[in-house]
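Below: the structure, in structure tokens.
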Amino acid sequence: MEDSIEVILQDYDRVLPKAGSNRPHHVLSACLGTLFTGLYGLWSLFVVPGFRKVPWSLKVPYLPSSKDQTLNIMKLLEGRTGRLADLGSGDGRVVLAASSAGFQSTGFEINSFLVAYARSKAHWTGVPSGQATFVQKDFWNTNLSTYNNVTAFLAPGVMEVLGEKLLKELPDDARVIACRFPFPNWPQQSSVGSGLDQTFAYDISSVRSHLRKVPNTVS
Ligand SMILES: C[S@@+](CC[C@H](N)C(=O)[O-])C[C@H]1O[C@@H](n2cnc3c(N)ncnc32)[C@H](O)[C@@H]1O
């Protein structure tokens with residue numbers, strides 16, 4: 001005998017959760033998400049080969065640039081050519097954008113998983129080899145003197161030390177693009193965007209002549 005509609009609905013009530021009763025699932029998903037993000041953070045900070053050697057005060061976790069931030073970087077590089085280094089290249093989005101604008105781009109990234117992912121992204125998108133290169137290397141231990149364009153989306157606490165390194169190594173005609181976190185005491189050439197997407201451009205020759213005039217300023 002066929003079940004009446006009331007019997008069928010009663011069965012559904014038993015099987016399906018009532019409206020609003022899936023709240024524990026949301027809480028569980030949020031907890032799992034937080035747990036995995038935390039584990040990923042710990043993994044990337046402590047387990048990634050090479051990262052353990054980076055002093056605690058210079059450790060920077062992975063956070064990808066937004067689309068607007070990447071566009072802002074490219075606006076600030078308009079009219080420029082040559083070699084570009086992205087310091088901490090993550091999944092490679094800045095390097096790939098720069099290579100399609102004609103730069104010979106290199107991403108320095110300490111996380112082997114991100115390096116592998118960026119390389120395969122370059123392969124899928126058909127970027128000519130040599131135009132975009134991803135190197136698994138600590139950029140603090142890399143001489144950057146052959147690059148005339150440098151991009152960095154890092155953390156506020158490392159910008160002063162990074163500024164000192166770049167001033168020592170970069171050629172006079174170099175331009176540095178800092179995403180979200182400006183260099184303290186460096187005069188900006190220009191900036192685009194606002195809030196979290198604000199991006200700053202610095203010309204090394206102007207920074208050097210400014211710091212010569214204000215010699216006691218820490219770079
Ligand atoms: C905030 S993310 C920026 C990623 C990418 N540049 C972007 O804009 O999407 C910083 C990246 O720097 C990498 N990183 C941090 N310290 C590094 C170091 N000393 N050498 C190389 N990569 C580093 C991290 O693994 C992370 O992927």
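Residues in the structure tokens are named by chain (A, B, ... in the order shown) and by number from 1 within that chain; ligands are numbered from 1 in the order shown.
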
Which chains and residue numbers are within 9 Å of ligand 1, counting only C-alpha atoms and all ligand atoms, if I want them as a CSV table (one decimal) with N, CA and C atoms, in the first residue's frame?
chain,number,residue,atom,x,y,z
A,44,SER,N,53.8,26.3,7.6
A,44,SER,CA,54.6,27.2,6.7
A,44,SER,C,55.7,27.9,7.5
A,45,LEU,N,55.4,28.2,8.8
A,45,LEU,CA,56.3,29.0,9.6
A,45,LEU,C,57.5,28.1,10.1
A,48,VAL,N,58.5,24.3,6.8
A,48,VAL,CA,59.0,24.5,5.5
A,48,VAL,C,60.6,24.6,5.6
A,50,GLY,N,64.1,25.8,5.3
A,50,GLY,CA,64.7,27.1,5.1
A,50,GLY,C,64.0,28.1,5.9
A,51,PHE,N,62.7,28.0,6.1
A,51,PHE,CA,61.9,29.0,6.9
A,51,PHE,C,62.4,29.0,8.3
A,53,LYS,N,65.2,28.7,9.4
A,53,LYS,CA,66.4,29.5,9.6
A,53,LYS,C,66.2,31.0,9.5
A,54,VAL,N,65.0,31.4,9.1
A,54,VAL,CA,64.7,32.9,9.0
A,54,VAL,C,64.4,33.3,10.4
A,55,PRO,N,65.1,34.4,10.9
A,55,PRO,CA,64.8,34.9,12.3
A,55,PRO,C,63.3,35.2,12.5
A,58,LEU,N,61.7,38.2,11.2
A,58,LEU,CA,61.6,38.4,9.7
A,58,LEU,C,60.6,37.4,9.1
A,59,LYS,N,59.9,36.6,9.8
A,59,LYS,CA,59.1,35.6,9.2
A,59,LYS,C,57.8,36.3,8.7
A,60,VAL,N,57.4,36.0,7.5
A,60,VAL,CA,56.2,36.5,6.9
A,60,VAL,C,55.3,35.4,6.4
A,61,PRO,N,54.1,35.3,6.8
A,61,PRO,CA,53.2,34.2,6.3
A,61,PRO,C,52.7,34.5,4.9
A,62,TYR,N,52.1,33.5,4.3
A,62,TYR,CA,51.5,33.6,2.9
A,62,TYR,C,50.1,34.3,3.0
A,63,LEU,N,50.0,35.3,2.2
A,63,LEU,CA,48.7,36.0,2.0
A,63,LEU,C,48.7,36.5,0.5
A,64,PRO,N,47.8,36.0,-0.3
A,64,PRO,CA,47.9,36.4,-1.7
A,64,PRO,C,47.5,37.9,-1.9
A,65,SER,N,48.1,38.5,-2.9
A,65,SER,CA,47.6,39.9,-3.3
A,65,SER,C,46.2,39.8,-3.8
A,66,SER,N,45.4,40.8,-3.6
A,66,SER,CA,44.1,40.9,-4.2
A,66,SER,C,44.3,41.3,-5.7
A,69,GLN,N,45.2,44.9,-5.9
A,69,GLN,CA,46.6,45.1,-5.5
A,69,GLN,C,47.5,44.8,-6.7
A,70,THR,N,47.2,43.7,-7.3
A,70,THR,CA,48.1,43.3,-8.5
A,70,THR,C,48.0,44.3,-9.6
A,86,ASP,N,60.1,39.5,-7.4
A,86,ASP,CA,59.1,39.6,-6.4
A,86,ASP,C,59.6,38.8,-5.2
A,87,LEU,N,59.7,39.5,-4.1
A,87,LEU,CA,60.2,39.0,-2.8
A,87,LEU,C,59.1,38.3,-2.0
A,88,GLY,N,59.2,37.0,-2.1
A,88,GLY,CA,58.1,36.2,-1.5
A,88,GLY,C,57.0,36.1,-2.5
A,89,SER,N,57.1,35.2,-3.5
A,89,SER,CA,56.2,35.3,-4.6
A,89,SER,C,54.9,34.5,-4.5
A,90,GLY,N,54.8,33.8,-3.4
A,90,GLY,CA,53.5,33.1,-3.1
A,90,GLY,C,53.1,32.2,-4.3
A,91,ASP,N,51.9,32.3,-4.7
A,91,ASP,CA,51.4,31.4,-5.8
A,91,ASP,C,51.8,32.0,-7.2
A,92,GLY,N,52.6,33.0,-7.2
A,92,GLY,CA,53.2,33.5,-8.5
A,92,GLY,C,52.4,34.6,-9.2
A,93,ARG,N,51.3,35.1,-8.7
A,93,ARG,CA,50.4,36.0,-9.4
A,93,ARG,C,51.1,37.3,-9.8
A,94,VAL,N,52.0,37.8,-9.0
A,94,VAL,CA,52.6,39.1,-9.4
A,94,VAL,C,53.7,38.8,-10.5
A,95,VAL,N,54.4,37.7,-10.3
A,95,VAL,CA,55.4,37.4,-11.3
A,95,VAL,C,54.8,37.1,-12.7
A,107,GLY,N,60.5,35.1,-9.2
A,107,GLY,CA,59.8,35.0,-7.9
A,107,GLY,C,60.7,34.3,-6.9
A,108,PHE,N,61.1,34.9,-5.8
A,108,PHE,CA,61.8,34.2,-4.7
A,108,PHE,C,60.8,33.7,-3.7
A,109,GLU,N,60.7,32.5,-3.4
A,109,GLU,CA,59.7,32.0,-2.5
A,109,GLU,C,60.3,30.8,-1.7
A,110,ILE,N,60.1,30.9,-0.4
A,110,ILE,CA,60.7,29.9,0.5
A,110,ILE,C,59.9,28.6,0.6
A,111,ASN,N,58.6,28.7,0.3
A,111,ASN,CA,57.7,27.6,0.5
A,111,ASN,C,57.7,26.7,-0.7
A,112,SER,N,58.2,25.5,-0.6
A,112,SER,CA,58.3,24.6,-1.8
A,112,SER,C,57.0,24.3,-2.5
A,114,LEU,N,54.4,26.3,-2.6
A,114,LEU,CA,53.9,27.5,-3.4
A,114,LEU,C,54.8,27.6,-4.7
A,115,VAL,N,56.1,27.3,-4.6
A,115,VAL,CA,57.0,27.3,-5.8
A,115,VAL,C,56.5,26.3,-6.8
A,135,VAL,N,62.1,30.6,-8.0
A,135,VAL,CA,63.3,30.0,-7.3
A,135,VAL,C,62.9,29.8,-5.8
A,136,GLN,N,63.2,28.6,-5.4
A,136,GLN,CA,62.9,28.3,-3.9
A,136,GLN,C,64.2,28.8,-3.2
A,137,LYS,N,64.1,30.0,-2.6
A,137,LYS,CA,65.2,30.6,-2.0
A,137,LYS,C,64.8,31.7,-1.0
A,138,ASP,N,65.5,31.8,0.1
A,138,ASP,CA,65.3,32.9,1.1
A,138,ASP,C,65.8,34.2,0.5
A,139,PHE,N,64.9,35.2,0.2
A,139,PHE,CA,65.4,36.4,-0.4
A,139,PHE,C,66.3,37.2,0.5
A,140,TRP,N,66.3,37.0,1.8
A,140,TRP,CA,67.2,37.7,2.7
A,140,TRP,C,68.7,37.3,2.3
A,141,ASN,N,68.8,36.1,1.9
A,141,ASN,CA,70.2,35.6,1.5
A,141,ASN,C,70.4,35.6,0.0
A,142,THR,N,69.8,36.5,-0.7
A,142,THR,CA,69.9,36.6,-2.1
A,142,THR,C,70.4,38.0,-2.5
A,151,THR,N,59.3,44.0,-6.3
A,151,THR,CA,58.0,44.1,-5.7
A,151,THR,C,58.0,43.4,-4.4
A,152,ALA,N,57.3,43.9,-3.4
A,152,ALA,CA,57.3,43.2,-2.0
A,152,ALA,C,55.9,43.4,-1.4
A,153,PHE,N,55.3,42.3,-1.1
A,153,PHE,CA,54.1,42.3,-0.2
A,153,PHE,C,54.4,41.5,1.0
A,154,LEU,N,54.9,42.1,2.1
A,154,LEU,CA,55.4,41.4,3.2
A,154,LEU,C,54.7,41.7,4.5
A,155,ALA,N,55.4,42.4,5.4
A,155,ALA,CA,54.7,42.7,6.7
A,155,ALA,C,55.4,44.0,7.2
A,179,CYS,N,53.6,46.8,-1.3
A,179,CYS,CA,52.2,46.6,-1.3
A,179,CYS,C,51.7,46.7,0.2

| field | Contact residues around range 156-162 of chain A with only C-alpha atoms at 10 Å, ignoring same-chain residues under 6 positions, as a ChimeraX atom specification | value | /A:57-60,139-140,168,178,180-186,218-219

For the selection just defined, write its residues with N, CA and C atoms to a file, as a compact mmCIF listing (two decimals), in the first residue's frame.
# COMPACT_ATOMS: atom_id res chain seq x y z
N SER A 57 61.71 37.50 13.82
CA SER A 57 61.23 38.86 13.53
C SER A 57 61.08 39.11 12.03
N LEU A 58 61.66 38.23 11.19
CA LEU A 58 61.56 38.43 9.73
C LEU A 58 60.63 37.43 9.05
N LYS A 59 59.95 36.61 9.84
CA LYS A 59 59.06 35.61 9.23
C LYS A 59 57.79 36.31 8.73
N VAL A 60 57.40 35.96 7.50
CA VAL A 60 56.19 36.55 6.91
C VAL A 60 55.33 35.40 6.36
N PHE A 139 64.93 35.15 0.24
CA PHE A 139 65.40 36.38 -0.43
C PHE A 139 66.33 37.20 0.45
N TRP A 140 66.28 36.98 1.78
CA TRP A 140 67.21 37.72 2.65
C TRP A 140 68.65 37.31 2.35
N LYS A 168 71.45 48.92 -0.09
CA LYS A 168 72.83 48.43 -0.26
C LYS A 168 73.00 47.79 -1.64
N ALA A 178 56.05 48.63 -3.00
CA ALA A 178 55.69 48.01 -1.72
C ALA A 178 54.16 47.96 -1.63
N ARG A 180 50.75 47.50 0.39
CA ARG A 180 50.07 47.67 1.69
C ARG A 180 50.96 48.31 2.77
N PHE A 181 52.22 47.87 2.89
CA PHE A 181 53.07 48.37 3.97
C PHE A 181 54.20 49.22 3.40
N PRO A 182 54.18 50.55 3.62
CA PRO A 182 55.22 51.41 3.05
C PRO A 182 56.54 51.27 3.81
N PHE A 183 57.62 51.76 3.18
CA PHE A 183 58.91 51.80 3.87
C PHE A 183 58.92 53.01 4.79
N PRO A 184 59.28 52.83 6.06
CA PRO A 184 59.35 54.00 6.93
C PRO A 184 60.52 54.89 6.48
N ASN A 185 60.30 56.18 6.46
CA ASN A 185 61.36 57.17 6.14
C ASN A 185 61.79 57.22 4.68
N TRP A 186 61.17 56.48 3.82
CA TRP A 186 61.49 56.59 2.39
C TRP A 186 60.48 57.54 1.74
N VAL A 218 66.85 56.79 9.90
CA VAL A 218 67.11 55.36 9.69
C VAL A 218 66.32 54.98 8.44
N SER A 219 66.94 54.29 7.48
CA SER A 219 66.24 53.96 6.23
C SER A 219 65.27 52.81 6.44

| query | So which bits of chain A end up strand (DSSP E) when you DSSP the backbone, as number ranges by chain? | reply | A: 83-87, 104-109, 132-136, 149-152, 175-179, 190-192, 199-203

Those residues with N, CA and C atoms, as a short mmCIF file (atom, residue, chain, number, x, y, z; two decimals), in the first residue's frame please?
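Dumped to selection.cif:
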data_model
loop_
_atom_site.label_atom_id
_atom_site.label_comp_id
_atom_site.auth_asym_id
_atom_site.auth_seq_id
_atom_site.Cartn_x
_atom_site.Cartn_y
_atom_site.Cartn_z
N ARG A 83 64.43 43.63 -15.59
CA ARG A 83 64.32 42.45 -14.72
C ARG A 83 63.54 42.81 -13.46
N LEU A 84 62.67 41.91 -13.05
CA LEU A 84 61.85 42.17 -11.86
C LEU A 84 61.98 41.00 -10.88
N ALA A 85 62.10 41.34 -9.59
CA ALA A 85 62.11 40.31 -8.55
C ALA A 85 60.92 40.54 -7.64
N ASP A 86 60.12 39.48 -7.40
CA ASP A 86 59.06 39.56 -6.40
C ASP A 86 59.58 38.83 -5.16
N LEU A 87 59.65 39.54 -4.05
CA LEU A 87 60.23 38.98 -2.83
C LEU A 87 59.14 38.27 -2.03
N GLN A 104 61.17 40.47 -17.43
CA GLN A 104 61.80 39.16 -17.19
C GLN A 104 61.75 38.97 -15.68
N SER A 105 60.82 38.15 -15.23
CA SER A 105 60.45 38.17 -13.80
C SER A 105 60.91 36.93 -13.05
N THR A 106 61.34 37.15 -11.83
CA THR A 106 61.75 36.05 -10.95
C THR A 106 61.03 36.17 -9.63
N GLY A 107 60.47 35.06 -9.17
CA GLY A 107 59.84 35.03 -7.85
C GLY A 107 60.73 34.26 -6.90
N PHE A 108 61.06 34.88 -5.77
CA PHE A 108 61.80 34.18 -4.73
C PHE A 108 60.80 33.75 -3.67
N GLU A 109 60.74 32.47 -3.40
CA GLU A 109 59.73 31.96 -2.46
C GLU A 109 60.34 30.81 -1.66
N ALA A 132 59.28 33.96 -16.84
CA ALA A 132 58.85 33.88 -15.44
C ALA A 132 59.55 32.71 -14.79
N THR A 133 60.36 33.00 -13.78
CA THR A 133 61.13 31.94 -13.11
C THR A 133 60.78 31.95 -11.63
N PHE A 134 60.65 30.78 -11.06
CA PHE A 134 60.37 30.69 -9.62
C PHE A 134 61.50 29.94 -8.94
N VAL A 135 62.09 30.59 -7.96
CA VAL A 135 63.27 30.05 -7.29
C VAL A 135 62.91 29.81 -5.83
N GLN A 136 63.18 28.60 -5.37
CA GLN A 136 62.93 28.34 -3.95
C GLN A 136 64.15 28.80 -3.15
N ASN A 149 63.74 46.25 -10.94
CA ASN A 149 62.36 46.39 -10.45
C ASN A 149 62.16 45.34 -9.36
N VAL A 150 61.65 45.79 -8.21
CA VAL A 150 61.45 44.86 -7.10
C VAL A 150 60.05 45.08 -6.53
N THR A 151 59.33 44.00 -6.30
CA THR A 151 58.01 44.13 -5.66
C THR A 151 58.03 43.36 -4.35
N ALA A 152 57.32 43.88 -3.35
CA ALA A 152 57.30 43.21 -2.05
C ALA A 152 55.94 43.42 -1.37
N ARG A 175 63.37 50.66 -9.33
CA ARG A 175 62.10 51.07 -8.71
C ARG A 175 61.63 49.94 -7.80
N VAL A 176 61.17 50.32 -6.61
CA VAL A 176 60.67 49.33 -5.65
C VAL A 176 59.18 49.59 -5.42
N ILE A 177 58.39 48.52 -5.49
CA ILE A 177 56.95 48.64 -5.25
C ILE A 177 56.64 47.91 -3.95
N ALA A 178 56.05 48.63 -3.00
CA ALA A 178 55.69 48.01 -1.72
C ALA A 178 54.16 47.96 -1.63
N CYS A 179 53.64 46.78 -1.33
CA CYS A 179 52.20 46.60 -1.27
C CYS A 179 51.73 46.69 0.18
N SER A 190 55.13 57.75 -5.83
CA SER A 190 53.68 57.83 -6.03
C SER A 190 53.03 56.65 -5.32
N SER A 191 51.70 56.73 -5.21
CA SER A 191 50.99 55.57 -4.67
C SER A 191 49.64 55.47 -5.36
N VAL A 192 49.13 54.26 -5.47
CA VAL A 192 47.78 54.09 -6.04
C VAL A 192 46.97 53.17 -5.14
N THR A 199 49.25 50.79 -2.71
CA THR A 199 50.54 50.29 -3.20
C THR A 199 51.45 51.49 -3.46
N PHE A 200 52.72 51.38 -3.07
CA PHE A 200 53.63 52.53 -3.06
C PHE A 200 54.82 52.28 -4.00
N ALA A 201 55.22 53.34 -4.71
CA ALA A 201 56.39 53.22 -5.60
C ALA A 201 57.52 54.11 -5.07
N TYR A 202 58.74 53.59 -5.14
CA TYR A 202 59.92 54.34 -4.68
C TYR A 202 61.00 54.21 -5.75
N ASP A 203 61.63 55.32 -6.07
CA ASP A 203 62.78 55.26 -6.98
C ASP A 203 64.04 55.34 -6.13
#

| task | Step one, run DSSP on the backbone; step two, keep only residues of range 37-217 of chain A assigned to alpha helix (DSSP H); then write them as number ranges by chain. | result | A: 37-42, 67-76, 93-100, 112-124, 159-169, 204-213
